[in-house]
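K.L.:
Here you go, this is final_14.pdb (PDB, C-alpha atoms).
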```
ATOM      1  CA  MET A   1      93.177  61.046  94.169
ATOM      2  CA  LEU A   2      92.381  60.952  97.866
ATOM      3  CA  PHE A   3      88.747  61.093  96.786
ATOM      4  CA  LEU A   4      89.144  57.768  94.963
ATOM      5  CA  LYS A   5      90.746  56.243  98.048
ATOM      6  CA  LYS A   6      87.784  57.345 100.141
ATOM      7  CA  ILE A   7      85.309  55.859  97.658
ATOM      8  CA  ILE A   8      87.230  52.572  97.562
ATOM      9  CA  GLU A   9      87.051  52.466 101.365
ATOM     10  CA  LYS A  10      83.285  53.116 101.205
ATOM     11  CA  ILE A  11      82.873  50.304  98.672
ATOM     12  CA  ASP A  12      84.645  47.960 101.072
ATOM     13  CA  GLU A  13      82.354  49.098 103.891
ATOM     14  CA  GLU A  14      79.253  48.476 101.781
ATOM     15  CA  LEU A  15      80.461  44.978 100.932
ATOM     16  CA  GLU A  16      81.241  44.197 104.568
ATOM     17  CA  ASP A  17      77.791  45.399 105.602
ATOM     18  CA  ALA A  18      76.123  43.439 102.803
ATOM     19  CA  GLU A  19      77.903  40.284 103.903
ATOM     20  CA  SER A  20      76.899  40.838 107.517
ATOM     21  CA  TYR A  21      73.226  41.341 106.623
ATOM     22  CA  ALA A  22      73.205  38.333 104.279
ATOM     23  CA  GLU A  23      74.646  36.183 107.056
ATOM     24  CA  MET A  24      71.992  37.511 109.455
ATOM     25  CA  ALA A  25      69.300  36.636 106.931
ATOM     26  CA  LEU A  26      70.567  33.072 106.756
ATOM     27  CA  GLU A  27      70.889  32.932 110.547
ATOM     28  CA  HIS A  28      67.268  33.938 111.120
ATOM     29  CA  GLN A  29      65.712  32.220 108.128
ATOM     30  CA  ALA A  30      64.371  29.268 110.114
ATOM     31  CA  SER A  31      63.336  31.163 113.238
ATOM     32  CA  ASP A  32      61.795  34.363 111.841
ATOM     33  CA  GLU A  33      61.266  34.636 108.108
ATOM     34  CA  ASP A  34      59.991  38.236 108.250
ATOM     35  CA  ILE A  35      63.128  39.457 109.997
ATOM     36  CA  ALA A  36      65.317  37.342 107.728
ATOM     37  CA  ASP A  37      63.630  38.863 104.654
ATOM     38  CA  ILE A  38      64.408  42.359 105.943
ATOM     39  CA  PHE A  39      68.064  41.460 106.450
ATOM     40  CA  CYS A  40      68.195  40.049 102.924
ATOM     41  CA  LYS A  41      66.669  43.222 101.471
ATOM     42  CA  ILE A  42      69.182  45.355 103.345
ATOM     43  CA  ALA A  43      72.024  43.172 102.013
ATOM     44  CA  GLU A  44      70.726  43.691  98.476
ATOM     45  CA  GLN A  45      70.525  47.441  99.056
ATOM     46  CA  GLU A  46      74.132  47.482 100.261
ATOM     47  CA  ILE A  47      75.144  45.712  97.032
ATOM     48  CA  GLY A  48      73.247  48.443  95.166
ATOM     49  CA  HIS A  49      75.190  51.108  97.064
ATOM     50  CA  MET A  50      78.430  49.337  96.197
ATOM     51  CA  ASN A  51      77.469  49.324  92.524
ATOM     52  CA  MET A  52      76.703  53.050  92.587
ATOM     53  CA  LEU A  53      80.033  53.833  94.227
ATOM     54  CA  HIS A  54      81.822  51.595  91.734
ATOM     55  CA  GLY A  55      80.213  53.609  88.951
ATOM     56  CA  ILE A  56      81.612  56.807  90.435
ATOM     57  CA  VAL A  57      85.163  55.425  90.411
ATOM     58  CA  VAL A  58      84.836  54.232  86.817
ATOM     59  CA  LYS A  59      83.446  57.631  85.789
ATOM     60  CA  ILE A  60      86.315  59.496  87.454
ATOM     61  CA  ILE A  61      88.945  57.305  85.809
ATOM     62  CA  ASP A  62      87.231  57.555  82.408
ATOM     63  CA  ARG A  63      86.921  61.333  82.700
ATOM     64  CA  HIS A  64      90.591  61.555  83.630
ATOM     65  CA  LYS A  65      91.522  59.577  80.499
ATOM     66  CA  LYS A  66      89.179  61.587  78.234
ATOM     67  CA  GLU A  67      90.832  64.782  79.403
ATOM     68  CA  GLY A  68      94.043  63.370  77.957
ATOM     69  CA  LYS A  69      95.592  62.850  81.343
ATOM     70  CA  GLU A  70      97.509  59.698  81.986
ATOM     71  CA  VAL A  71      96.238  57.703  84.913
ATOM     72  CA  PRO A  72      99.128  57.404  87.368
ATOM     73  CA  VAL A  73     100.547  53.902  87.340
ATOM     74  CA  ALA A  74     100.301  53.624  91.132
ATOM     75  CA  MET A  75      96.650  54.696  91.119
ATOM     76  CA  GLN A  76      95.779  52.227  88.362
ATOM     77  CA  ALA A  77      97.622  49.422  90.172
ATOM     78  CA  ILE A  78      95.764  50.146  93.406
ATOM     79  CA  TRP A  79      92.433  50.282  91.600
ATOM     80  CA  ASP A  80      93.128  47.032  89.728
ATOM     81  CA  TYR A  81      94.044  45.274  92.977
ATOM     82  CA  GLU A  82      91.094  46.675  94.936
ATOM     83  CA  HIS A  83      88.708  46.044  92.054
ATOM     84  CA  GLU A  84      89.697  42.383  91.909
ATOM     85  CA  LYS A  85      89.032  42.045  95.650
ATOM     86  CA  MET A  86      85.682  43.829  95.256
ATOM     87  CA  ILE A  87      84.592  41.458  92.522
ATOM     88  CA  ASP A  88      85.491  38.417  94.633
ATOM     89  CA  ASN A  89      83.791  39.806  97.744
ATOM     90  CA  ALA A  90      80.670  40.787  95.820
ATOM     91  CA  LYS A  91      80.441  37.257  94.381
ATOM     92  CA  GLU A  92      80.594  35.800  97.881
ATOM     93  CA  VAL A  93      77.881  38.123  99.167
ATOM     94  CA  LYS A  94      75.658  37.447  96.170
ATOM     95  CA  MET A  95      76.134  33.727  96.787
ATOM     96  CA  LEU A  96      74.950  34.181 100.390
ATOM     97  CA  ILE A  97      71.906  36.118  99.194
ATOM     98  CA  SER A  98      71.210  33.420  96.620
ATOM     99  CA  MET A  99      71.493  30.726  99.300
ATOM    100  CA  TYR A 100      68.946  32.599 101.367
ATOM    101  CA  LYS A 101      66.517  32.866  98.474
ATOM    102  CA  GLU A 102      66.658  29.158  97.622
TER     103      GLU A 102
END
```
Now, as a test, write the supplied structure out as structure tokens.
P.N.:
Amino acid sequence: MLFLKKIIEKIDEELEDAESYAEMALEHQASDEDIADIFCKIAEQEIGHMNMLHGIVVKIIDRHKKEGKEVPVAMQAIWDYEHEKMIDNAKEVKMLISMYKE
């Protein structure tokens, strides 16, 4: 399950990057709209990467269950905790992107 840990870390990285780019878009919105638009697009792409990585984790867990294997309690607890944080962070980033687009 080290692979899942690595993917969870990558998801966090994608969200951090998305937030950074969304903030840069807002920062440059008034001074240089072209640059700000690029930052916004990159933020959206990072959210897309996060979604793809999330899909991998879900697929691995589902496959594990379909094979009749019980998901270790510790692994499920970690995923549930991390997943909750991911959802909250993604909402914040999407709000920043939405603010930019208004």
K.L.:
Kindly indicate which residue among A:Asp37, A:Glu23, A:Glu70, A:Asp80 lies nearest to Glu92 (chain A), using all atoms listed in the file for the distances.
P.N.:
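Among the listed residues, A:Glu23 lies closest to Glu92 (chain A).
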K.L.:
State, in Å with one decimal place, the distance from CA of Phe3 (chain A) to CA of Glu84 (chain A).
P.N.:
19.4 Å
K.L.:
Pick from A:Ala22, A:Trp79, A:Asp88, A:Lys65: nearest to Lys41 (chain A), with only C-alpha atoms counted?
P.N.:
A:Ala22
K.L.:
Looking at A:Ile47, A:Met75, A:Ile7, A:Ala25, which one is nearest to Lys101 (chain A), with distances taken over all atoms listed in the file?
P.N.:
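With all atoms listed in the file as the atom set, the closest residue is A:Ala25.
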K.L.:
Go through A:Gln45, A:Gln29, A:Asn51, A:Ser20 and flag the residue nearest Tyr100 (chain A), using only C-alpha atoms for the distances.
P.N.:
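Among A:Gln45, A:Gln29, A:Asn51, A:Ser20, it is A:Gln29 that comes nearest to Tyr100 (chain A).
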K.L.:
Mind giving me the straight-line distance from CA of Ala43 (chain A) to CA of Tyr81 (chain A) in Å, one decimal?
P.N.:
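Going from CA of Ala43 (chain A) over to CA of Tyr81 (chain A) covers 23.9 Å.
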K.L.:
Between CA of Ile56 (chain A) and CA of Phe39 (chain A), what distance in Å does the model show, to one decimal?
P.N.:
26.0 Å
K.L.:
Residues within 12 Å of Met24 (chain A), please, as a list in words. Count all atoms listed in the file; anything in the same chain fewer than 6 positions from it doesn't count.
P.N.:
Asp17, Ala18, Ala30, Ser31, Asp32, Glu33, Ile35, Ala36, Asp37, Ile38, Phe39, Cys40, Lys41, Ile42, Ala43, Val93, Leu96, Ile97 and Tyr100 of chain A
K.L.:
Choose the residue, out of A:Glu67, A:Asp34, A:Glu16, A:Glu27, that has the smallest atom-to-atom separation from Ala90 (chain A); count only C-alpha atoms.
P.N.:
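Going through A:Glu67, A:Asp34, A:Glu16, A:Glu27 one by one, the smallest distance to Ala90 (chain A) is for A:Glu16.
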K.L.:
Using only C-alpha atoms - which residues lie no farther than 12 Å from the point (82.5, 56.8, 98.8) in the file's frame? Write them as a short mmCIF file (atom, residue, chain, number, x, y, z; two decimals) with C-alpha atoms, in the coordinates of the input.
P.N.:
```cif
data_model
loop_
_atom_site.label_atom_id
_atom_site.label_comp_id
_atom_site.auth_asym_id
_atom_site.auth_seq_id
_atom_site.Cartn_x
_atom_site.Cartn_y
_atom_site.Cartn_z
CA LEU A 2 92.38 60.95 97.87
CA PHE A 3 88.75 61.09 96.79
CA LEU A 4 89.14 57.77 94.96
CA LYS A 5 90.75 56.24 98.05
CA LYS A 6 87.78 57.34 100.14
CA ILE A 7 85.31 55.86 97.66
CA ILE A 8 87.23 52.57 97.56
CA GLU A 9 87.05 52.47 101.36
CA LYS A 10 83.28 53.12 101.20
CA ILE A 11 82.87 50.30 98.67
CA ASP A 12 84.64 47.96 101.07
CA GLU A 13 82.35 49.10 103.89
CA GLU A 14 79.25 48.48 101.78
CA HIS A 49 75.19 51.11 97.06
CA MET A 50 78.43 49.34 96.20
CA ASN A 51 77.47 49.32 92.52
CA MET A 52 76.70 53.05 92.59
CA LEU A 53 80.03 53.83 94.23
CA HIS A 54 81.82 51.60 91.73
CA GLY A 55 80.21 53.61 88.95
CA ILE A 56 81.61 56.81 90.44
CA VAL A 57 85.16 55.42 90.41
#
```
K.L.:
Which residue is closest to Leu15 (chain A)? Choose from A:Asn89, A:Met95, A:Pro72, A:Glu82 and count only C-alpha atoms.
P.N.:
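The shortest atom-to-atom distance to Leu15 (chain A) comes from A:Asn89.
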